[in-house]
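Containing mmCIF, C-alpha atoms and all ligand atoms: model02.cif.
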```
data_target
#
loop_
_atom_site.group_PDB
_atom_site.id
_atom_site.type_symbol
_atom_site.label_atom_id
_atom_site.label_comp_id
_atom_site.auth_asym_id
_atom_site.auth_seq_id
_atom_site.Cartn_x
_atom_site.Cartn_y
_atom_site.Cartn_z
ATOM 1 C CA MET A 2 4.655 -28.009 13.215
ATOM 2 C CA PHE A 3 6.181 -27.434 9.753
ATOM 3 C CA ARG A 4 9.983 -27.505 9.709
ATOM 4 C CA LEU A 5 12.477 -26.156 7.187
ATOM 5 C CA ASP A 6 15.649 -27.548 8.752
ATOM 6 C CA ASN A 7 18.672 -27.772 6.436
ATOM 7 C CA LYS A 8 16.904 -25.653 3.825
ATOM 8 C CA THR A 9 18.304 -22.452 2.346
ATOM 9 C CA ALA A 10 15.790 -19.768 1.420
ATOM 10 C CA LEU A 11 15.988 -16.423 -0.324
ATOM 11 C CA VAL A 12 13.154 -13.982 0.254
ATOM 12 C CA THR A 13 13.035 -10.853 -1.907
ATOM 13 C CA GLY A 14 11.638 -7.629 -0.508
ATOM 14 C CA ALA A 15 12.281 -8.984 2.962
ATOM 15 C CA ALA A 16 13.528 -5.725 4.506
ATOM 16 C CA SER A 17 9.911 -4.846 5.286
ATOM 17 C CA GLY A 18 6.319 -6.045 5.617
ATOM 18 C CA ILE A 19 5.221 -9.457 4.384
ATOM 19 C CA GLY A 20 8.714 -10.433 3.203
ATOM 20 C CA ALA A 21 10.246 -9.635 6.597
ATOM 21 C CA ALA A 22 7.580 -11.777 8.289
ATOM 22 C CA ILE A 23 8.278 -14.658 5.891
ATOM 23 C CA ALA A 24 12.044 -14.406 6.484
ATOM 24 C CA GLN A 25 11.484 -14.425 10.247
ATOM 25 C CA ALA A 26 9.079 -17.376 10.089
ATOM 26 C CA TYR A 27 11.455 -19.391 7.871
ATOM 27 C CA ALA A 28 14.356 -18.742 10.246
ATOM 28 C CA GLY A 29 12.121 -19.814 13.141
ATOM 29 C CA CYS A 30 11.467 -23.111 11.332
ATOM 30 C CA GLY A 31 15.183 -23.813 10.999
ATOM 31 C CA ALA A 32 15.983 -22.467 7.527
ATOM 32 C CA ARG A 33 19.038 -20.440 6.619
ATOM 33 C CA VAL A 34 17.528 -17.292 5.167
ATOM 34 C CA TYR A 35 18.899 -14.689 2.771
ATOM 35 C CA ILE A 36 17.182 -11.341 2.492
ATOM 36 C CA GLY A 37 17.236 -9.789 -0.973
ATOM 37 C CA ASP A 38 16.162 -6.165 -1.168
ATOM 38 C CA ILE A 39 17.112 -2.745 -2.492
ATOM 39 C CA LYS A 40 16.828 -1.459 1.077
ATOM 40 C CA GLU A 41 19.008 -2.665 3.940
ATOM 41 C CA PRO A 42 16.953 -4.475 6.609
ATOM 42 C CA ALA A 43 17.109 -3.619 10.326
ATOM 43 C CA GLN A 44 19.188 -6.771 10.919
ATOM 44 C CA PRO A 45 21.545 -6.968 7.956
ATOM 45 C CA ASP A 46 22.717 -10.598 8.509
ATOM 46 C CA ASN A 47 22.531 -12.550 5.268
ATOM 47 C CA PHE A 48 21.457 -9.435 3.374
ATOM 48 C CA ILE A 49 22.096 -9.259 -0.328
ATOM 49 C CA ARG A 50 21.363 -6.074 -2.209
ATOM 50 C CA VAL A 51 19.346 -6.962 -5.283
ATOM 51 C CA ASP A 52 17.027 -4.976 -7.493
ATOM 52 C CA VAL A 53 14.717 -7.636 -8.883
ATOM 53 C CA ALA A 54 13.992 -5.401 -11.894
ATOM 54 C CA SER A 55 17.620 -5.863 -12.980
ATOM 55 C CA GLU A 56 18.410 -9.168 -14.659
ATOM 56 C CA GLU A 57 22.093 -8.552 -13.980
ATOM 57 C CA ASP A 58 21.473 -8.040 -10.237
ATOM 58 C CA CYS A 59 19.469 -11.279 -10.054
ATOM 59 C CA GLN A 60 22.156 -13.266 -11.863
ATOM 60 C CA ARG A 61 24.794 -11.740 -9.555
ATOM 61 C CA ALA A 62 22.733 -12.748 -6.506
ATOM 62 C CA ALA A 63 22.528 -16.320 -7.828
ATOM 63 C CA ARG A 64 26.305 -16.441 -8.363
ATOM 64 C CA HIS A 65 26.900 -15.011 -4.889
ATOM 65 C CA ILE A 66 24.474 -17.218 -2.928
ATOM 66 C CA GLY A 67 24.684 -20.336 -5.081
ATOM 67 C CA ARG A 68 21.812 -22.748 -4.796
ATOM 68 C CA VAL A 69 18.693 -22.135 -2.742
ATOM 69 C CA ASP A 70 16.038 -24.682 -1.860
ATOM 70 C CA ILE A 71 13.302 -22.074 -1.480
ATOM 71 C CA LEU A 72 12.859 -18.865 -3.464
ATOM 72 C CA VAL A 73 10.178 -16.423 -2.357
ATOM 73 C CA ASN A 74 9.438 -13.750 -4.952
ATOM 74 C CA ASN A 75 7.836 -11.191 -2.676
ATOM 75 C CA ALA A 76 9.356 -7.829 -3.705
ATOM 76 C CA GLY A 77 6.670 -5.597 -5.121
ATOM 77 C CA ILE A 78 5.423 -2.046 -5.387
ATOM 78 C CA GLY A 79 1.958 -0.534 -5.560
ATOM 79 C CA PHE A 80 0.325 1.914 -7.914
ATOM 80 C CA VAL A 81 -3.145 3.457 -7.849
ATOM 81 C CA GLY A 82 -4.808 4.454 -11.097
ATOM 82 C CA THR A 83 -7.181 3.723 -13.948
ATOM 83 C CA LEU A 84 -5.857 3.203 -17.469
ATOM 84 C CA MET A 85 -5.797 6.936 -18.245
ATOM 85 C CA GLN A 86 -4.260 7.754 -14.859
ATOM 86 C CA THR A 87 -1.399 5.335 -15.520
ATOM 87 C CA ALA A 88 1.433 6.887 -17.517
ATOM 88 C CA ALA A 89 3.410 4.522 -19.725
ATOM 89 C CA ALA A 90 6.408 5.006 -17.425
ATOM 90 C CA ASP A 91 4.312 3.969 -14.385
ATOM 91 C CA PHE A 92 3.126 0.874 -16.228
ATOM 92 C CA ASP A 93 6.696 0.002 -17.232
ATOM 93 C CA ARG A 94 7.925 0.401 -13.652
ATOM 94 C CA MET A 95 5.148 -1.854 -12.337
ATOM 95 C CA TYR A 96 6.042 -4.385 -15.016
ATOM 96 C CA SER A 97 9.776 -4.247 -14.239
ATOM 97 C CA VAL A 98 9.427 -4.879 -10.514
ATOM 98 C CA ASN A 99 6.203 -6.839 -10.055
ATOM 99 C CA LEU A 100 6.281 -9.141 -13.095
ATOM 100 C CA ARG A 101 9.699 -9.017 -14.738
ATOM 101 C CA GLY A 102 11.184 -9.235 -11.222
ATOM 102 C CA VAL A 103 9.565 -12.656 -10.707
ATOM 103 C CA PHE A 104 10.792 -13.714 -14.166
ATOM 104 C CA ASN A 105 14.348 -12.441 -13.525
ATOM 105 C CA MET A 106 14.713 -14.091 -10.114
ATOM 106 C CA SER A 107 13.184 -17.381 -11.238
ATOM 107 C CA ARG A 108 15.473 -17.535 -14.277
ATOM 108 C CA ALA A 109 18.483 -16.831 -12.082
ATOM 109 C CA PHE A 110 17.740 -19.519 -9.461
ATOM 110 C CA LEU A 111 15.875 -22.236 -11.385
ATOM 111 C CA PRO A 112 18.894 -23.777 -13.178
ATOM 112 C CA ALA A 113 20.534 -24.867 -9.894
ATOM 113 C CA MET A 114 17.176 -26.226 -8.683
ATOM 114 C CA LEU A 115 16.785 -28.225 -11.895
ATOM 115 C CA GLU A 116 20.290 -29.588 -11.532
ATOM 116 C CA ARG A 117 19.491 -30.902 -8.042
ATOM 117 C CA ARG A 118 15.927 -31.822 -8.972
ATOM 118 C CA TYR A 119 14.695 -29.964 -5.906
ATOM 119 C CA GLY A 120 13.246 -26.539 -5.415
ATOM 120 C CA VAL A 121 10.265 -24.617 -4.139
ATOM 121 C CA ILE A 122 9.179 -21.248 -5.476
ATOM 122 C CA VAL A 123 6.569 -19.198 -3.637
ATOM 123 C CA ASN A 124 5.386 -16.073 -5.444
ATOM 124 C CA ILE A 125 3.537 -13.368 -3.562
ATOM 125 C CA ALA A 126 0.821 -12.318 -5.977
ATOM 126 C CA SER A 127 -2.328 -10.604 -4.678
ATOM 127 C CA ILE A 128 -6.077 -10.910 -4.645
ATOM 128 C CA GLY A 129 -5.602 -8.363 -7.448
ATOM 129 C CA GLY A 130 -4.222 -11.289 -9.466
ATOM 130 C CA ILE A 131 -7.497 -13.183 -9.127
ATOM 131 C CA VAL A 132 -10.173 -10.486 -9.388
ATOM 132 C CA GLY A 133 -10.083 -6.960 -10.763
ATOM 133 C CA VAL A 134 -9.697 -4.172 -8.213
ATOM 134 C CA LYS A 135 -10.980 -0.694 -8.979
ATOM 135 C CA ASP A 136 -8.258 1.918 -9.723
ATOM 136 C CA ARG A 137 -5.475 -0.692 -9.690
ATOM 137 C CA LEU A 138 -5.063 -1.342 -13.405
ATOM 138 C CA ALA A 139 -1.282 -1.756 -13.629
ATOM 139 C CA TYR A 140 -1.030 -3.561 -10.291
ATOM 140 C CA CYS A 141 -3.699 -6.102 -11.251
ATOM 141 C CA ALA A 142 -2.242 -6.586 -14.730
ATOM 142 C CA MET A 143 1.102 -7.598 -13.212
ATOM 143 C CA LYS A 144 -0.368 -9.730 -10.438
ATOM 144 C CA PHE A 145 -2.549 -11.651 -12.923
ATOM 145 C CA GLY A 146 0.758 -12.210 -14.729
ATOM 146 C CA VAL A 147 2.386 -13.536 -11.556
ATOM 147 C CA VAL A 148 -0.434 -16.069 -11.158
ATOM 148 C CA GLY A 149 0.122 -17.026 -14.823
ATOM 149 C CA ILE A 150 3.884 -17.504 -14.380
ATOM 150 C CA THR A 151 3.174 -19.593 -11.279
ATOM 151 C CA LYS A 152 0.794 -21.954 -13.045
ATOM 152 C CA CYS A 153 2.927 -22.326 -16.192
ATOM 153 C CA MET A 154 6.137 -22.963 -14.250
ATOM 154 C CA ALA A 155 4.302 -25.489 -12.050
ATOM 155 C CA LEU A 156 3.239 -27.424 -15.168
ATOM 156 C CA ASP A 157 6.574 -27.113 -16.970
ATOM 157 C CA HIS A 158 8.532 -28.415 -13.969
ATOM 158 C CA ALA A 159 6.039 -30.738 -12.269
ATOM 159 C CA THR A 160 8.231 -33.775 -12.950
ATOM 160 C CA ASP A 161 11.531 -31.986 -12.251
ATOM 161 C CA GLY A 162 11.156 -31.926 -8.457
ATOM 162 C CA ILE A 163 10.208 -28.236 -8.537
ATOM 163 C CA ARG A 164 6.999 -26.919 -6.976
ATOM 164 C CA VAL A 165 5.708 -23.437 -7.782
ATOM 165 C CA ASN A 166 2.809 -21.823 -5.943
ATOM 166 C CA CYS A 167 1.615 -18.349 -5.184
ATOM 167 C CA ILE A 168 -0.166 -16.637 -2.336
ATOM 168 C CA CYS A 169 -2.857 -14.058 -3.061
ATOM 169 C CA PRO A 170 -3.264 -11.824 -0.032
ATOM 170 C CA GLY A 171 -6.032 -9.308 0.451
ATOM 171 C CA ARG A 172 -5.177 -6.120 2.362
ATOM 172 C CA VAL A 173 -2.399 -6.753 4.832
ATOM 173 C CA GLU A 174 -1.331 -4.158 7.363
ATOM 174 C CA THR A 175 2.284 -3.516 6.389
ATOM 175 C CA PRO A 176 4.408 -0.323 6.466
ATOM 176 C CA PHE A 177 3.434 0.181 2.813
ATOM 177 C CA VAL A 178 -0.294 0.155 3.638
ATOM 178 C CA GLN A 179 0.180 2.202 6.845
ATOM 179 C CA GLN A 180 2.013 4.869 4.837
ATOM 180 C CA ARG A 181 -0.835 5.015 2.309
ATOM 181 C CA ILE A 182 -3.366 5.407 5.148
ATOM 182 C CA ARG A 183 -1.368 8.327 6.619
ATOM 183 C CA GLU A 184 -1.670 10.141 3.283
ATOM 184 C CA TYR A 185 -5.491 10.288 3.476
ATOM 185 C CA PRO A 186 -7.055 13.517 4.834
ATOM 186 C CA ASP A 187 -8.723 11.470 7.605
ATOM 187 C CA PRO A 188 -6.400 8.508 8.301
ATOM 188 C CA GLU A 189 -8.589 6.975 11.018
ATOM 189 C CA ARG A 190 -11.574 6.897 8.723
ATOM 190 C CA ALA A 191 -9.430 5.506 5.886
ATOM 191 C CA TYR A 192 -8.209 2.746 8.221
ATOM 192 C CA ARG A 193 -11.777 1.828 9.216
ATOM 193 C CA GLU A 194 -12.917 1.808 5.603
ATOM 194 C CA MET A 195 -10.005 -0.376 4.487
ATOM 195 C CA ALA A 196 -10.641 -2.815 7.318
ATOM 196 C CA ALA A 197 -14.339 -2.951 6.415
ATOM 197 C CA THR A 198 -13.680 -4.048 2.813
ATOM 198 C CA GLN A 199 -12.740 -7.478 4.181
ATOM 199 C CA PRO A 200 -15.861 -9.419 5.263
ATOM 200 C CA ILE A 201 -13.894 -10.453 8.363
ATOM 201 C CA GLY A 202 -13.792 -6.746 9.286
ATOM 202 C CA ARG A 203 -10.050 -6.246 9.587
ATOM 203 C CA MET A 204 -6.897 -6.296 7.525
ATOM 204 C CA GLY A 205 -4.569 -9.275 7.568
ATOM 205 C CA TRP A 206 -1.269 -9.455 9.419
ATOM 206 C CA PRO A 207 2.067 -10.212 7.733
ATOM 207 C CA ALA A 208 2.448 -13.262 10.008
ATOM 208 C CA GLU A 209 -0.771 -14.710 8.572
ATOM 209 C CA ILE A 210 0.753 -14.651 5.086
ATOM 210 C CA ALA A 211 4.069 -15.969 6.423
ATOM 211 C CA ALA A 212 2.311 -19.007 7.935
ATOM 212 C CA ALA A 213 1.055 -19.986 4.470
ATOM 213 C CA ALA A 214 4.508 -19.398 2.975
ATOM 214 C CA VAL A 215 5.960 -21.797 5.561
ATOM 215 C CA TYR A 216 3.413 -24.461 4.667
ATOM 216 C CA LEU A 217 3.967 -24.103 0.914
ATOM 217 C CA ALA A 218 7.742 -24.363 1.360
ATOM 218 C CA SER A 219 7.525 -27.387 3.646
ATOM 219 C CA ASP A 220 7.657 -31.049 2.625
ATOM 220 C CA GLU A 221 4.089 -31.404 3.921
ATOM 221 C CA ALA A 222 3.045 -29.491 0.788
ATOM 222 C CA ALA A 223 4.813 -31.995 -1.510
ATOM 223 C CA PHE A 224 1.564 -32.535 -3.491
ATOM 224 C CA VAL A 225 0.830 -28.811 -3.842
ATOM 225 C CA THR A 226 1.953 -27.125 -7.039
ATOM 226 C CA GLY A 227 0.349 -24.579 -9.346
ATOM 227 C CA SER A 228 -1.967 -23.313 -6.638
ATOM 228 C CA ALA A 229 -2.970 -19.717 -5.960
ATOM 229 C CA LEU A 230 -3.752 -19.647 -2.251
ATOM 230 C CA ILE A 231 -6.189 -16.846 -1.415
ATOM 231 C CA ILE A 232 -5.803 -15.271 2.031
ATOM 232 C CA ASP A 233 -8.103 -12.265 1.998
ATOM 233 C CA GLY A 234 -10.522 -12.326 4.921
ATOM 234 C CA GLY A 235 -13.277 -13.305 2.475
ATOM 235 C CA PHE A 236 -12.776 -10.280 0.164
ATOM 236 C CA SER A 237 -13.065 -12.305 -3.052
ATOM 237 C CA ALA A 238 -15.626 -14.832 -1.810
ATOM 238 C CA GLY A 239 -18.611 -12.875 -3.055
ATOM 239 C CA LYS A 240 -17.060 -11.538 -6.255
HETATM 240 P P1 LIG A 301 6.457 -3.341 1.654
HETATM 241 O O1 LIG A 301 6.553 -2.065 0.890
HETATM 242 O O2 LIG A 301 6.255 -3.297 3.127
HETATM 243 O O3 LIG A 301 7.730 -4.235 1.333
HETATM 244 C C1 LIG A 301 8.178 -4.412 0.026
HETATM 245 C C2 LIG A 301 9.675 -4.615 0.042
HETATM 246 O O4 LIG A 301 10.094 -4.808 -1.309
HETATM 247 C C3 LIG A 301 10.449 -3.404 0.592
HETATM 248 O O5 LIG A 301 11.393 -3.829 1.550
HETATM 249 C C4 LIG A 301 11.119 -2.817 -0.647
HETATM 250 O O6 LIG A 301 12.370 -2.197 -0.366
HETATM 251 C C5 LIG A 301 11.290 -4.061 -1.502
HETATM 252 N N1 LIG A 301 11.429 -3.744 -2.922
HETATM 253 C C6 LIG A 301 10.729 -2.845 -3.658
HETATM 254 N N2 LIG A 301 11.183 -2.806 -4.908
HETATM 255 C C7 LIG A 301 12.195 -3.713 -4.983
HETATM 256 C C8 LIG A 301 13.067 -4.121 -6.018
HETATM 257 N N3 LIG A 301 12.998 -3.585 -7.233
HETATM 258 N N4 LIG A 301 13.968 -5.093 -5.751
HETATM 259 C C9 LIG A 301 14.057 -5.626 -4.508
HETATM 260 N N5 LIG A 301 13.285 -5.263 -3.484
HETATM 261 C C10 LIG A 301 12.363 -4.316 -3.719
HETATM 262 O O7 LIG A 301 5.266 -4.167 0.932
HETATM 263 P P2 LIG A 301 4.365 -5.396 1.423
HETATM 264 O O8 LIG A 301 3.015 -4.840 1.683
HETATM 265 O O9 LIG A 301 5.058 -6.238 2.446
HETATM 266 O O10 LIG A 301 4.263 -6.202 0.038
HETATM 267 C C11 LIG A 301 5.043 -7.345 -0.245
HETATM 268 C C12 LIG A 301 4.401 -8.090 -1.419
HETATM 269 O O11 LIG A 301 3.073 -8.469 -1.082
HETATM 270 C C13 LIG A 301 4.300 -7.251 -2.693
HETATM 271 O O12 LIG A 301 4.563 -8.055 -3.819
HETATM 272 C C14 LIG A 301 2.838 -6.801 -2.684
HETATM 273 O O13 LIG A 301 2.348 -6.531 -3.976
HETATM 274 C C15 LIG A 301 2.192 -8.036 -2.076
HETATM 275 N N6 LIG A 301 0.873 -7.753 -1.485
HETATM 276 C C16 LIG A 301 0.755 -6.869 -0.454
HETATM 277 C C17 LIG A 301 -0.515 -6.653 0.071
HETATM 278 C C18 LIG A 301 -0.731 -5.702 1.215
HETATM 279 O O14 LIG A 301 -1.901 -5.357 1.478
HETATM 280 N N7 LIG A 301 0.306 -5.279 1.925
HETATM 281 C C19 LIG A 301 -1.629 -7.306 -0.449
HETATM 282 C C20 LIG A 301 -1.448 -8.189 -1.507
HETATM 283 C C21 LIG A 301 -0.180 -8.427 -2.018
#
```
Take the structure from the file and write it as structure tokens.
Amino acid sequence: MFRLDNKTALVTGAASGIGAAIAQAYAGCGARVYIGDIKEPAQPDNFIRVDVASEEDCQRAARHIGRVDILVNNAGIGFVGTLMQTAAADFDRMYSVNLRGVFNMSRAFLPAMLERRYGVIVNIASIGGIVGVKDRLAYCAMKFGVVGITKCMALDHATDGIRVNCICPGRVETPFVQQRIREYPDPERAYREMAATQPIGRMGWPAEIAAAAVYLASDEAAFVTGSALIIDGGFSAGK
């Protein structure tokens, strides 16, 4: 139903998981899609190597690609720990990728959007940017920051033709999550327990997040800016 014909999109972290699903969905809706990642994707067409933690890399990507209509800031990493279990270096790394990465990429691509008075930014935050999650101090700190950047940019550029929204997924079954499950002593039990934390009784699928990213990027969402769209199987509903 939603189309992205004649649109150019860049999706960071699209070599895997949610980003790969978004890139695939955008291409299926007619967009020309660039994949920005530190890791080469399985199909390296339109791949640009970019470390979002590096301002220089992001600026280089912007010079290389030129303008994009849609920027999806999806690249992110996880970290488990309380305050005392989080070393300063861990906190800094989470900051560099998960929060500064959104800042770096947005600063690199916004000027061309402002010039054309058209642009859509979709940030992939997390339910951990809306509610606190136990043992995820650094992750939540950065994701709350991503929701903050989203809302401030939406206000600052509401009359510039730029829309900025974020998606806040609950647990989504991606390679990242599957790898974490394999590290538990009893992976099957860990899987069941993770699925059970969502009232719906299962984890989400990358395609379910991609569907929302298509909507937010489409012209049908022309009145949507500054929103934090929760897709979490009901996880946060009772919090
Ligand atoms: P994933 O590990 O499957 O994919 C992340 C991708 O980001 C990888 O391809 C990786 O190479 C890339 N990446 C990592 N650091 C990078 C960097 N510095 N520069 C460029 N690319 C980099 O993870 P995923 O589960 O698909 O997560 C994608 C996003 O969704 C993340 O921001 C994550 O925080 C968010 N999220 C995931 C879940 C979940 O349950 N999977 C839930 C909520 C939010």
Checklist entry - Which residues sit within 7 Å of ligand LIG 301 (chain A), counting only C-alpha atoms and all ligand atoms, listed as a ChimeraX atom specification? => result /A:13-20,37-40,51-54,75-79,98-99,125-128,169-178
Checklist entry - Could you pull the residues within 10 Å of Tyr35 in chain A, counting only C-alpha atoms, minus those fewer than 3 positions along the same chain, as a list of chain:residue names? => result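 So the residues in contact are A:Thr9, A:Ala10, A:Leu11, A:Val12, A:Thr13, A:Ala15, A:Ala24, A:Ala28, A:Ala32, A:Asp38, A:Pro45, A:Asp46, A:Asn47, A:Phe48, A:Ile49, A:Ile66, A:Val69, A:Leu72.
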Could the residues in this selection be saved with C-alpha atoms as a short mmCIF file (atom, residue, chain, number, x, y, z; two decimals), in the frame of the given file?
```cif
data_model
loop_
_atom_site.label_atom_id
_atom_site.label_comp_id
_atom_site.auth_asym_id
_atom_site.auth_seq_id
_atom_site.Cartn_x
_atom_site.Cartn_y
_atom_site.Cartn_z
CA THR A 9 18.30 -22.45 2.35
CA ALA A 10 15.79 -19.77 1.42
CA LEU A 11 15.99 -16.42 -0.32
CA VAL A 12 13.15 -13.98 0.25
CA THR A 13 13.04 -10.85 -1.91
CA ALA A 15 12.28 -8.98 2.96
CA ALA A 24 12.04 -14.41 6.48
CA ALA A 28 14.36 -18.74 10.25
CA ALA A 32 15.98 -22.47 7.53
CA ASP A 38 16.16 -6.16 -1.17
CA PRO A 45 21.54 -6.97 7.96
CA ASP A 46 22.72 -10.60 8.51
CA ASN A 47 22.53 -12.55 5.27
CA PHE A 48 21.46 -9.44 3.37
CA ILE A 49 22.10 -9.26 -0.33
CA ILE A 66 24.47 -17.22 -2.93
CA VAL A 69 18.69 -22.14 -2.74
CA LEU A 72 12.86 -18.86 -3.46
#
```
Item to check | Residues matched by the PyMOL selection byres (((chain A and resi 228) around 8) and not hetatm), written as a PyMOL selection string | outcome: chain A and resi 151-152+165-167+225-227+229-230
Item to check | Nearest to Tyr96 in chain A by atom-to-atom distance, counting all atoms listed in the file, from A:Met2, A:Ile131, A:Ala139, A:Ile150 | outcome: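 Ranking A:Met2, A:Ile131, A:Ala139, A:Ile150 by distance to Tyr96 in chain A, first place goes to A:Ala139.
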Counting all atoms listed in the file, what are the residues of range 73-133 of chain A within 10 Å of range 204-221 of chain A, and for each of them which pair of atoms is the nearest and at what distance in Å, to one decimal? Sort the table by chain and rising number, as JSON lines.
```
{"residue": "A:Val73", "atom": "CA", "partner": "A:Ala214", "partner_atom": "CA", "distance": 8.3}
{"residue": "A:Gly120", "atom": "CA", "partner": "A:Ala218", "partner_atom": "CA", "distance": 9.0}
{"residue": "A:Val121", "atom": "CA", "partner": "A:Ala218", "partner_atom": "CA", "distance": 6.1}
{"residue": "A:Ile122", "atom": "CA", "partner": "A:Ala218", "partner_atom": "CA", "distance": 7.6}
{"residue": "A:Val123", "atom": "CA", "partner": "A:Ala214", "partner_atom": "CA", "distance": 6.9}
{"residue": "A:Asn124", "atom": "CA", "partner": "A:Ala214", "partner_atom": "CA", "distance": 9.1}
{"residue": "A:Ile125", "atom": "CA", "partner": "A:Ala214", "partner_atom": "CA", "distance": 8.9}
```
Checklist entry - Residues at most 7 Å from range 82-95 of chain A, counting all atoms listed in the file, excluding those fewer than 6 positions away in the same chain, as an MDAnalysis selection string? => result chainID A and resid 136:140
Next on the checklist: As an exercise, work out the distance from CA of Ser107 in chain A to CA of Asp233 in chain A in Å and give it to one decimal place.
Outcome noted: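 Going from CA of Ser107 in chain A over to CA of Asp233 in chain A, I get 25.6 Å.
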Item to check | Residue nearest Ile36 in chain A among A:Ala109, A:Cys141, A:Leu5, A:Asn74 (counting only C-alpha atoms) | outcome: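 Closest residue, counting only C-alpha atoms: A:Asn74.
Between CA of Ala142 in chain A and CA of Val103 in chain A lies a distance of 13.9 Å.
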Checklist entry - Between A:Gly235, A:Gly202, A:Gly31, A:Gly102, which has the minimum distance to Asp58 in chain A (counting all atoms listed in the file)? => result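 Selected residue with least distance to Asp58 in chain A: A:Gly102.
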Next on the checklist: Which residue is closest to Phe110 in chain A? Choose from A:Ile71, A:Ile232, A:Val34, A:Ala22 and count all atoms listed in the file.
Outcome noted: A:Ile71
Item to check | Residue neighbourhood Arg118 in chain A, 9 Å, all atoms listed in the file, exclusion window fewer than 5 positions, as a VMD selection string | outcome: chain A and resid 113 160 to 163
Centre and size of axis-aligned box enclosing range 171-183 of chain A plus 4 Å each side, as AutoDock Vina command-line options:
```
--center_x -0.8 --center_y -0.5 --center_z 3.9 --size_x 18.4 --size_y 25.6 --size_z 14.9
```
Checklist entry - How many Å lie between CA of Val132 in chain A and CA of Ala21 in chain A, rounded to one decimal? => result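 Answer for the CA of Val132 in chain A to CA of Ala21 in chain A separation: 25.9 Å.
The smallest atom-to-atom distance between Thr198 in chain A and any of A:Met114, A:Cys59, A:Val134, A:Ala43, using all atoms listed in the file, is found for A:Val134.
Distances here use all atoms listed in the file; by that measure, the residue among A:Lys240, A:Ser55, A:Tyr192, A:Val81 closest to Lys135 in chain A is A:Val81.
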